[in-house]
>>> print(open('protein_2.txt').read())   # compact mmCIF, N, CA and C atoms
# COMPACT_ATOMS: atom_id res chain seq x y z
N MET A 1 -61.22 10.19 -20.48
CA MET A 1 -61.58 11.50 -20.99
C MET A 1 -60.81 11.73 -22.29
N ALA A 2 -61.49 12.18 -23.30
CA ALA A 2 -60.88 12.40 -24.60
C ALA A 2 -60.00 13.64 -24.59
N GLY A 3 -58.93 13.57 -25.36
CA GLY A 3 -58.00 14.69 -25.46
C GLY A 3 -58.55 15.75 -26.40
N PRO A 4 -57.74 16.77 -26.66
CA PRO A 4 -58.19 17.83 -27.56
C PRO A 4 -58.39 17.29 -28.98
N VAL A 5 -59.46 17.73 -29.62
CA VAL A 5 -59.78 17.27 -30.96
C VAL A 5 -59.42 18.37 -31.95
N LYS A 6 -58.68 17.97 -32.99
CA LYS A 6 -58.32 18.93 -34.03
C LYS A 6 -59.58 19.29 -34.80
N ASP A 7 -59.77 20.55 -35.11
CA ASP A 7 -60.92 21.04 -35.87
C ASP A 7 -62.24 20.72 -35.17
N ARG A 8 -62.32 20.99 -33.88
CA ARG A 8 -63.54 20.71 -33.12
C ARG A 8 -64.74 21.46 -33.70
N GLU A 9 -64.54 22.71 -34.11
CA GLU A 9 -65.64 23.50 -34.67
C GLU A 9 -66.14 22.87 -35.97
N ALA A 10 -65.23 22.35 -36.78
CA ALA A 10 -65.62 21.72 -38.04
C ALA A 10 -66.45 20.46 -37.76
N PHE A 11 -66.05 19.66 -36.78
CA PHE A 11 -66.82 18.47 -36.45
C PHE A 11 -68.20 18.84 -35.90
N GLN A 12 -68.28 19.92 -35.12
CA GLN A 12 -69.58 20.35 -34.63
C GLN A 12 -70.46 20.81 -35.78
N ARG A 13 -69.87 21.48 -36.76
CA ARG A 13 -70.63 21.93 -37.92
C ARG A 13 -71.11 20.73 -38.74
N LEU A 14 -70.23 19.73 -38.92
CA LEU A 14 -70.62 18.53 -39.65
C LEU A 14 -71.75 17.80 -38.93
N ASN A 15 -71.68 17.75 -37.61
CA ASN A 15 -72.72 17.10 -36.82
C ASN A 15 -74.05 17.82 -37.01
N PHE A 16 -74.04 19.14 -37.02
CA PHE A 16 -75.27 19.91 -37.22
C PHE A 16 -75.83 19.64 -38.61
N LEU A 17 -74.97 19.63 -39.63
CA LEU A 17 -75.43 19.43 -41.00
C LEU A 17 -75.96 18.02 -41.23
N TYR A 18 -75.54 17.05 -40.41
CA TYR A 18 -75.98 15.68 -40.58
C TYR A 18 -77.36 15.45 -39.98
N GLN A 19 -77.85 16.37 -39.17
CA GLN A 19 -79.15 16.20 -38.53
C GLN A 19 -80.23 15.98 -39.57
N ASP A 20 -81.34 15.37 -39.16
CA ASP A 20 -82.39 14.95 -40.08
C ASP A 20 -83.50 16.00 -40.18
N PRO A 21 -83.41 16.93 -41.16
CA PRO A 21 -84.51 17.88 -41.32
C PRO A 21 -85.68 17.20 -42.03
N LYS A 22 -86.87 17.76 -41.92
CA LYS A 22 -88.07 17.18 -42.52
C LYS A 22 -88.09 17.34 -44.04
N ASN A 23 -87.52 18.41 -44.55
CA ASN A 23 -87.51 18.70 -45.98
C ASN A 23 -86.37 17.93 -46.64
N GLN A 24 -86.67 17.06 -47.62
CA GLN A 24 -85.64 16.24 -48.25
C GLN A 24 -84.66 17.06 -49.08
N ALA A 25 -85.14 18.12 -49.72
CA ALA A 25 -84.23 18.96 -50.51
C ALA A 25 -83.23 19.66 -49.58
N LEU A 26 -83.71 20.12 -48.43
CA LEU A 26 -82.82 20.76 -47.45
C LEU A 26 -81.83 19.73 -46.89
N ALA A 27 -82.29 18.51 -46.64
CA ALA A 27 -81.40 17.45 -46.14
C ALA A 27 -80.32 17.15 -47.16
N ARG A 28 -80.68 17.10 -48.45
CA ARG A 28 -79.70 16.84 -49.50
C ARG A 28 -78.66 17.97 -49.56
N PHE A 29 -79.11 19.21 -49.42
CA PHE A 29 -78.19 20.35 -49.42
C PHE A 29 -77.24 20.27 -48.23
N TYR A 30 -77.77 19.97 -47.04
CA TYR A 30 -76.95 19.85 -45.84
C TYR A 30 -75.92 18.72 -45.99
N CYS A 31 -76.35 17.59 -46.51
CA CYS A 31 -75.43 16.45 -46.65
C CYS A 31 -74.35 16.75 -47.69
N HIS A 32 -74.71 17.44 -48.77
CA HIS A 32 -73.72 17.82 -49.77
C HIS A 32 -72.71 18.80 -49.16
N THR A 33 -73.19 19.76 -48.39
CA THR A 33 -72.30 20.72 -47.72
C THR A 33 -71.40 20.01 -46.73
N GLU A 34 -71.96 19.05 -46.00
CA GLU A 34 -71.17 18.30 -45.01
C GLU A 34 -70.05 17.53 -45.70
N ARG A 35 -70.35 16.88 -46.82
CA ARG A 35 -69.34 16.12 -47.55
C ARG A 35 -68.25 17.05 -48.11
N THR A 36 -68.65 18.21 -48.61
CA THR A 36 -67.70 19.18 -49.16
C THR A 36 -66.75 19.68 -48.08
N ILE A 37 -67.29 20.00 -46.91
CA ILE A 37 -66.46 20.49 -45.80
C ILE A 37 -65.48 19.41 -45.35
N ALA A 38 -65.96 18.17 -45.24
CA ALA A 38 -65.09 17.07 -44.80
C ALA A 38 -63.96 16.84 -45.80
N LYS A 39 -64.25 16.96 -47.09
CA LYS A 39 -63.19 16.80 -48.10
C LYS A 39 -62.19 17.94 -48.03
N ARG A 40 -62.70 19.15 -47.91
CA ARG A 40 -61.81 20.31 -47.92
C ARG A 40 -60.89 20.32 -46.72
N LEU A 41 -61.40 19.95 -45.56
CA LEU A 41 -60.58 19.94 -44.34
C LEU A 41 -59.89 18.60 -44.11
N VAL A 42 -60.07 17.65 -45.00
CA VAL A 42 -59.50 16.30 -44.91
C VAL A 42 -59.81 15.69 -43.54
N LEU A 43 -61.10 15.59 -43.25
CA LEU A 43 -61.57 15.01 -42.01
C LEU A 43 -62.15 13.63 -42.30
N ARG A 44 -61.81 12.68 -41.44
CA ARG A 44 -62.35 11.33 -41.60
C ARG A 44 -63.70 11.25 -40.92
N ARG A 45 -64.69 10.82 -41.68
CA ARG A 45 -66.03 10.65 -41.13
C ARG A 45 -66.22 9.20 -40.70
N ASP A 46 -67.05 9.00 -39.73
CA ASP A 46 -67.33 7.67 -39.23
C ASP A 46 -68.01 6.83 -40.32
N PRO A 47 -67.67 5.55 -40.48
CA PRO A 47 -68.30 4.73 -41.51
C PRO A 47 -69.82 4.66 -41.38
N SER A 48 -70.34 4.70 -40.16
CA SER A 48 -71.79 4.65 -40.00
C SER A 48 -72.45 5.90 -40.58
N VAL A 49 -71.76 7.03 -40.57
CA VAL A 49 -72.29 8.25 -41.17
C VAL A 49 -72.19 8.17 -42.69
N LYS A 50 -71.05 7.69 -43.19
CA LYS A 50 -70.87 7.61 -44.64
C LYS A 50 -71.87 6.64 -45.27
N ARG A 51 -72.24 5.59 -44.56
CA ARG A 51 -73.17 4.60 -45.12
C ARG A 51 -74.61 5.11 -45.18
N THR A 52 -74.90 6.19 -44.50
CA THR A 52 -76.25 6.73 -44.54
C THR A 52 -76.40 7.89 -45.51
N LEU A 53 -75.37 8.16 -46.29
CA LEU A 53 -75.43 9.23 -47.29
C LEU A 53 -75.23 8.62 -48.67
N CYS A 54 -76.06 9.06 -49.63
CA CYS A 54 -75.92 8.59 -51.00
C CYS A 54 -74.71 9.28 -51.62
N ARG A 55 -73.87 8.50 -52.28
CA ARG A 55 -72.68 9.07 -52.91
C ARG A 55 -73.02 9.77 -54.22
N GLY A 56 -74.18 9.48 -54.78
CA GLY A 56 -74.55 10.09 -56.05
C GLY A 56 -75.21 11.44 -55.89
N CYS A 57 -76.27 11.50 -55.06
CA CYS A 57 -77.04 12.74 -54.96
C CYS A 57 -77.01 13.37 -53.57
N SER A 58 -76.24 12.82 -52.65
CA SER A 58 -76.08 13.33 -51.29
C SER A 58 -77.36 13.29 -50.47
N SER A 59 -78.29 12.40 -50.80
CA SER A 59 -79.51 12.25 -50.00
C SER A 59 -79.20 11.51 -48.72
N LEU A 60 -79.97 11.80 -47.69
CA LEU A 60 -79.88 11.06 -46.44
C LEU A 60 -80.64 9.76 -46.64
N LEU A 61 -79.97 8.61 -46.51
CA LEU A 61 -80.59 7.32 -46.80
C LEU A 61 -81.29 6.78 -45.56
N ILE A 62 -82.61 6.82 -45.60
CA ILE A 62 -83.43 6.30 -44.51
C ILE A 62 -84.22 5.13 -45.09
N PRO A 63 -83.95 3.88 -44.62
CA PRO A 63 -84.61 2.72 -45.20
C PRO A 63 -86.14 2.84 -45.14
N GLY A 64 -86.76 2.58 -46.28
CA GLY A 64 -88.21 2.64 -46.38
C GLY A 64 -88.73 4.01 -46.75
N LEU A 65 -87.93 5.06 -46.57
CA LEU A 65 -88.37 6.41 -46.89
C LEU A 65 -87.62 6.96 -48.10
N THR A 66 -86.29 6.95 -48.05
CA THR A 66 -85.50 7.48 -49.17
C THR A 66 -84.65 6.41 -49.84
N CYS A 67 -84.67 5.18 -49.31
CA CYS A 67 -83.91 4.10 -49.95
C CYS A 67 -84.57 2.77 -49.65
N THR A 68 -84.22 1.77 -50.45
CA THR A 68 -84.66 0.41 -50.18
C THR A 68 -83.45 -0.38 -49.72
N GLN A 69 -83.70 -1.35 -48.86
CA GLN A 69 -82.64 -2.21 -48.36
C GLN A 69 -83.02 -3.65 -48.63
N ARG A 70 -82.13 -4.40 -49.24
CA ARG A 70 -82.35 -5.80 -49.54
C ARG A 70 -81.16 -6.61 -49.07
N GLN A 71 -81.44 -7.86 -48.71
CA GLN A 71 -80.39 -8.79 -48.32
C GLN A 71 -80.13 -9.71 -49.50
N ARG A 72 -78.90 -9.86 -49.91
CA ARG A 72 -78.54 -10.71 -51.05
C ARG A 72 -77.42 -11.67 -50.64
N ARG A 73 -77.36 -12.78 -51.37
CA ARG A 73 -76.28 -13.76 -51.19
C ARG A 73 -75.52 -13.86 -52.49
N CYS A 74 -74.22 -13.91 -52.40
CA CYS A 74 -73.38 -14.06 -53.57
C CYS A 74 -72.13 -14.85 -53.15
N ARG A 75 -71.96 -16.02 -53.73
CA ARG A 75 -70.80 -16.88 -53.45
C ARG A 75 -70.64 -17.19 -51.96
N GLY A 76 -71.75 -17.46 -51.30
CA GLY A 76 -71.70 -17.83 -49.90
C GLY A 76 -71.59 -16.68 -48.92
N GLN A 77 -71.55 -15.44 -49.40
CA GLN A 77 -71.47 -14.29 -48.51
C GLN A 77 -72.79 -13.54 -48.54
N ARG A 78 -73.13 -12.93 -47.43
CA ARG A 78 -74.36 -12.15 -47.34
C ARG A 78 -74.02 -10.67 -47.50
N TRP A 79 -74.82 -9.98 -48.30
CA TRP A 79 -74.61 -8.56 -48.57
C TRP A 79 -75.90 -7.80 -48.30
N THR A 80 -75.77 -6.58 -47.81
CA THR A 80 -76.90 -5.66 -47.69
C THR A 80 -76.77 -4.67 -48.84
N VAL A 81 -77.81 -4.57 -49.66
CA VAL A 81 -77.79 -3.67 -50.81
C VAL A 81 -78.77 -2.53 -50.56
N GLN A 82 -78.26 -1.30 -50.56
CA GLN A 82 -79.08 -0.10 -50.39
C GLN A 82 -79.21 0.58 -51.74
N THR A 83 -80.44 0.93 -52.13
CA THR A 83 -80.67 1.62 -53.39
C THR A 83 -81.38 2.93 -53.09
N CYS A 84 -80.77 4.03 -53.51
CA CYS A 84 -81.34 5.36 -53.31
C CYS A 84 -82.56 5.50 -54.23
N LEU A 85 -83.67 5.99 -53.70
CA LEU A 85 -84.88 6.17 -54.50
C LEU A 85 -84.84 7.44 -55.33
N THR A 86 -83.90 8.35 -55.04
CA THR A 86 -83.79 9.59 -55.80
C THR A 86 -83.00 9.40 -57.08
N CYS A 87 -81.81 8.80 -56.97
CA CYS A 87 -80.93 8.66 -58.15
C CYS A 87 -80.72 7.22 -58.57
N GLN A 88 -81.31 6.25 -57.88
CA GLN A 88 -81.21 4.82 -58.19
C GLN A 88 -79.80 4.27 -58.04
N ARG A 89 -78.91 4.96 -57.36
CA ARG A 89 -77.56 4.44 -57.13
C ARG A 89 -77.62 3.44 -55.98
N SER A 90 -76.89 2.33 -56.12
CA SER A 90 -76.92 1.32 -55.07
C SER A 90 -75.53 1.15 -54.47
N GLN A 91 -75.54 0.79 -53.20
CA GLN A 91 -74.31 0.49 -52.47
C GLN A 91 -74.51 -0.86 -51.82
N ARG A 92 -73.46 -1.63 -51.71
CA ARG A 92 -73.59 -2.90 -51.01
C ARG A 92 -72.53 -3.00 -49.93
N PHE A 93 -72.92 -3.62 -48.84
CA PHE A 93 -72.06 -3.76 -47.68
C PHE A 93 -72.06 -5.22 -47.25
N LEU A 94 -70.89 -5.70 -46.86
CA LEU A 94 -70.77 -7.07 -46.39
C LEU A 94 -71.56 -7.22 -45.09
N ASN A 95 -72.39 -8.23 -45.03
CA ASN A 95 -73.24 -8.46 -43.87
C ASN A 95 -72.71 -9.67 -43.11
N ASP A 96 -71.55 -9.50 -42.48
CA ASP A 96 -70.89 -10.56 -41.75
C ASP A 96 -70.73 -10.12 -40.30
N PRO A 97 -71.34 -10.82 -39.35
CA PRO A 97 -71.24 -10.39 -37.95
C PRO A 97 -69.82 -10.43 -37.40
N ASP A 98 -68.94 -11.23 -38.00
CA ASP A 98 -67.56 -11.32 -37.51
C ASP A 98 -66.64 -10.29 -38.15
N HIS A 99 -67.14 -9.54 -39.16
CA HIS A 99 -66.31 -8.57 -39.87
C HIS A 99 -66.08 -7.33 -39.00
N LEU A 100 -64.83 -6.91 -38.91
CA LEU A 100 -64.49 -5.69 -38.18
C LEU A 100 -63.91 -4.67 -39.15
N LEU A 101 -64.34 -3.43 -39.03
CA LEU A 101 -63.75 -2.37 -39.81
C LEU A 101 -62.34 -2.13 -39.32
N TRP A 102 -61.49 -1.57 -40.18
CA TRP A 102 -60.09 -1.36 -39.81
C TRP A 102 -59.96 -0.48 -38.57
N GLY A 103 -60.76 0.54 -38.46
CA GLY A 103 -60.68 1.44 -37.31
C GLY A 103 -61.07 0.79 -36.00
N ASP A 104 -61.82 -0.30 -36.06
CA ASP A 104 -62.25 -1.00 -34.85
C ASP A 104 -61.28 -2.10 -34.43
N ARG A 105 -60.30 -2.42 -35.28
CA ARG A 105 -59.35 -3.48 -34.96
C ARG A 105 -58.32 -2.97 -33.95
N PRO A 106 -57.81 -3.86 -33.08
CA PRO A 106 -56.84 -3.43 -32.07
C PRO A 106 -55.55 -2.90 -32.66
N GLU A 107 -55.08 -3.45 -33.78
CA GLU A 107 -53.81 -2.99 -34.35
C GLU A 107 -53.93 -1.60 -34.97
N ALA A 108 -55.14 -1.13 -35.18
CA ALA A 108 -55.33 0.20 -35.76
C ALA A 108 -55.27 1.29 -34.69
N GLN A 109 -55.40 0.92 -33.44
CA GLN A 109 -55.40 1.89 -32.36
C GLN A 109 -53.98 2.34 -32.04
N LEU A 110 -53.80 3.61 -31.81
CA LEU A 110 -52.47 4.15 -31.56
C LEU A 110 -51.89 3.66 -30.24
N GLY A 111 -52.71 3.43 -29.25
CA GLY A 111 -52.23 3.00 -27.94
C GLY A 111 -51.62 1.61 -27.96
N SER A 112 -52.04 0.76 -28.88
CA SER A 112 -51.53 -0.61 -28.91
C SER A 112 -50.29 -0.76 -29.79
N GLN A 113 -49.90 0.30 -30.47
CA GLN A 113 -48.72 0.23 -31.33
C GLN A 113 -47.46 0.47 -30.50
N ALA A 114 -46.35 0.03 -31.03
CA ALA A 114 -45.07 0.16 -30.33
C ALA A 114 -44.64 1.63 -30.31
N ASP A 115 -43.65 1.92 -29.49
CA ASP A 115 -43.13 3.28 -29.37
C ASP A 115 -42.50 3.69 -30.70
N PRO A 116 -42.97 4.80 -31.31
CA PRO A 116 -42.44 5.18 -32.62
C PRO A 116 -40.99 5.64 -32.58
N LYS A 117 -40.46 5.96 -31.38
CA LYS A 117 -39.08 6.44 -31.29
C LYS A 117 -38.08 5.30 -31.45
N SER A 118 -38.50 4.08 -31.10
CA SER A 118 -37.58 2.95 -31.24
C SER A 118 -37.96 2.15 -32.49
N PRO A 119 -37.18 2.31 -33.56
CA PRO A 119 -37.51 1.59 -34.80
C PRO A 119 -37.33 0.09 -34.63
N GLN A 120 -38.28 -0.66 -35.18
CA GLN A 120 -38.21 -2.10 -35.11
C GLN A 120 -38.22 -2.63 -36.54
N PRO A 121 -37.51 -3.73 -36.77
CA PRO A 121 -37.50 -4.28 -38.13
C PRO A 121 -38.89 -4.78 -38.52
N LEU A 122 -39.26 -4.51 -39.74
CA LEU A 122 -40.55 -4.95 -40.24
C LEU A 122 -40.43 -6.37 -40.77
N PRO A 123 -41.42 -7.21 -40.54
CA PRO A 123 -41.36 -8.55 -41.10
C PRO A 123 -41.50 -8.50 -42.62
N ASN A 124 -40.95 -9.48 -43.29
CA ASN A 124 -40.98 -9.52 -44.74
C ASN A 124 -42.28 -10.15 -45.21
N THR A 125 -43.40 -9.51 -44.88
CA THR A 125 -44.71 -10.01 -45.28
C THR A 125 -45.49 -8.94 -45.99
N ALA A 126 -44.80 -8.10 -46.75
CA ALA A 126 -45.49 -7.03 -47.47
C ALA A 126 -46.45 -7.63 -48.49
N HIS A 127 -46.07 -8.70 -49.12
CA HIS A 127 -46.93 -9.36 -50.08
C HIS A 127 -46.74 -10.86 -49.87
N PRO A 128 -47.80 -11.63 -49.60
CA PRO A 128 -47.63 -13.04 -49.26
C PRO A 128 -46.94 -13.86 -50.35
N ILE A 129 -47.20 -13.57 -51.60
CA ILE A 129 -46.57 -14.34 -52.68
C ILE A 129 -45.08 -14.05 -52.74
N LEU A 130 -44.71 -12.76 -52.60
CA LEU A 130 -43.30 -12.41 -52.61
C LEU A 130 -42.57 -13.03 -51.44
N ALA A 131 -43.20 -13.04 -50.25
CA ALA A 131 -42.58 -13.65 -49.09
C ALA A 131 -42.37 -15.15 -49.32
N HIS A 132 -43.36 -15.79 -49.93
CA HIS A 132 -43.25 -17.23 -50.22
C HIS A 132 -42.13 -17.49 -51.22
N LEU A 133 -42.02 -16.67 -52.26
CA LEU A 133 -40.96 -16.83 -53.24
C LEU A 133 -39.59 -16.62 -52.63
N CYS A 134 -39.47 -15.64 -51.73
CA CYS A 134 -38.19 -15.41 -51.05
C CYS A 134 -37.80 -16.61 -50.21
N GLU A 135 -38.78 -17.22 -49.52
CA GLU A 135 -38.49 -18.41 -48.72
C GLU A 135 -38.02 -19.55 -49.61
N GLU A 136 -38.68 -19.75 -50.77
CA GLU A 136 -38.28 -20.81 -51.68
C GLU A 136 -36.86 -20.57 -52.21
N LYS A 137 -36.53 -19.31 -52.50
CA LYS A 137 -35.21 -18.98 -53.02
C LYS A 137 -34.13 -19.30 -51.99
N VAL A 138 -34.39 -18.94 -50.73
CA VAL A 138 -33.44 -19.21 -49.66
C VAL A 138 -33.27 -20.71 -49.48
N GLN A 139 -34.37 -21.47 -49.50
CA GLN A 139 -34.29 -22.91 -49.36
C GLN A 139 -33.53 -23.52 -50.53
N HIS A 140 -33.78 -23.04 -51.75
CA HIS A 140 -33.11 -23.55 -52.95
C HIS A 140 -31.60 -23.28 -52.89
N GLU A 141 -31.22 -22.07 -52.47
CA GLU A 141 -29.80 -21.73 -52.38
C GLU A 141 -29.10 -22.56 -51.30
N SER A 142 -29.76 -22.77 -50.17
CA SER A 142 -29.12 -23.54 -49.09
C SER A 142 -28.98 -25.01 -49.49
N SER A 143 -29.92 -25.56 -50.26
CA SER A 143 -29.81 -26.95 -50.67
C SER A 143 -28.78 -27.13 -51.79
N SER A 144 -28.58 -26.12 -52.64
CA SER A 144 -27.59 -26.23 -53.71
C SER A 144 -26.16 -26.08 -53.20
N HIS A 145 -25.97 -25.41 -52.08
CA HIS A 145 -24.63 -25.23 -51.51
C HIS A 145 -24.18 -26.45 -50.73
N GLN A 146 -25.04 -27.37 -50.41
CA GLN A 146 -24.67 -28.53 -49.59
C GLN A 146 -24.06 -29.62 -50.40
>>> encode(input="protein_2.txt", output="structure tokens")
Amino acid sequence: MAGPVKDREAFQRLNFLYQDPKNQALARFYCHTERTIAKRLVLRRDPSVKRTLCRGCSSLLIPGLTCTQRQRRCRGQRWTVQTCLTCQRSQRFLNDPDHLLWGDRPEAQLGSQADPKSPQPLPNTAHPILAHLCEEKVQHESSSHQ
């Protein structure tokens, strides 16, 4: 059972505004209002919702009706390219079945993280190149002292 949700009324309002009305101008107005409310209240929207809204004109992107969807290959990777028919803005998304969004990864979940009250040392892997250089420096110093 889910716990209490912060700004439950705001999420319910966003859900209502995301619904698919028949009038495209009304849908664009609702989606623009939904995006404005989410920004003002600093609410994170689900990636599946963000991918169905045009970032240029706030249209609801419905393949075949308000946008076109094409599959493209570039450097061995597959991409899905969505082009809004209202403003011609395009978005592309990686089309990899093994790709996981950050929110879906186990390390992103709060339950799998360590107890925040007990501080643990962080590994020195903030940047792989810097970590590699630090290892080389330590090895160089230890070999010069022998």
>>> atom_distance(input="protein_2.txt", atom1="CA of Ala25 in chain A", atom2="CA of Gln82 in chain A")
19.7 Å
>>> closest_residue(input="protein_2.txt", among="A:Cys54, A:Cys67, A:Leu14, A:Val49", to="Glu34 in chain A", atoms="all atoms listed in the file")
A:Leu14
>>> atom_distance(input="protein_2.txt", atom1="atom C of His32 in chain A", atom2="CA of Cys57 in chain A")
9.4 Å
>>> atom_distance(input="protein_2.txt", atom1="atom N of Thr52 in chain A", atom2="atom C of Cys87 in chain A")
15.3 Å
>>> residues_around(input="protein_2.txt", residues="Leu17 in chain A", least_positions_apart="3", cutoff="10 Å", atoms="only C-alpha atoms", output="count of residues only")
16
>>> closest_residue(input="protein_2.txt", among="A:Gln109, A:Asn15, A:Thr86, A:Gln77", to="Ile62 in chain A", atoms="only C-alpha atoms")
A:Thr86
>>> residues_around(input="protein_2.txt", residues="range 89-98 of chain A", least_positions_apart="5", cutoff="7 Å", atoms="only N, CA and C atoms", output="list in words")
Gly56, Gln77, Arg78, Trp79, Thr80, Val81, Gln82, Thr83 and Cys84 of chain A
>>> select_by_dssp(input="protein_2.txt", residues="range 3-113 of chain A", states="strand (DSSP E)", output="ChimeraX atom specification")
/A:67-74,77-84,90-94
>>> closest_residue(input="protein_2.txt", among="A:Tyr18, A:Asp46, A:Gln71, A:Arg40", to="Ser59 in chain A", atoms="only C-alpha atoms")
A:Tyr18
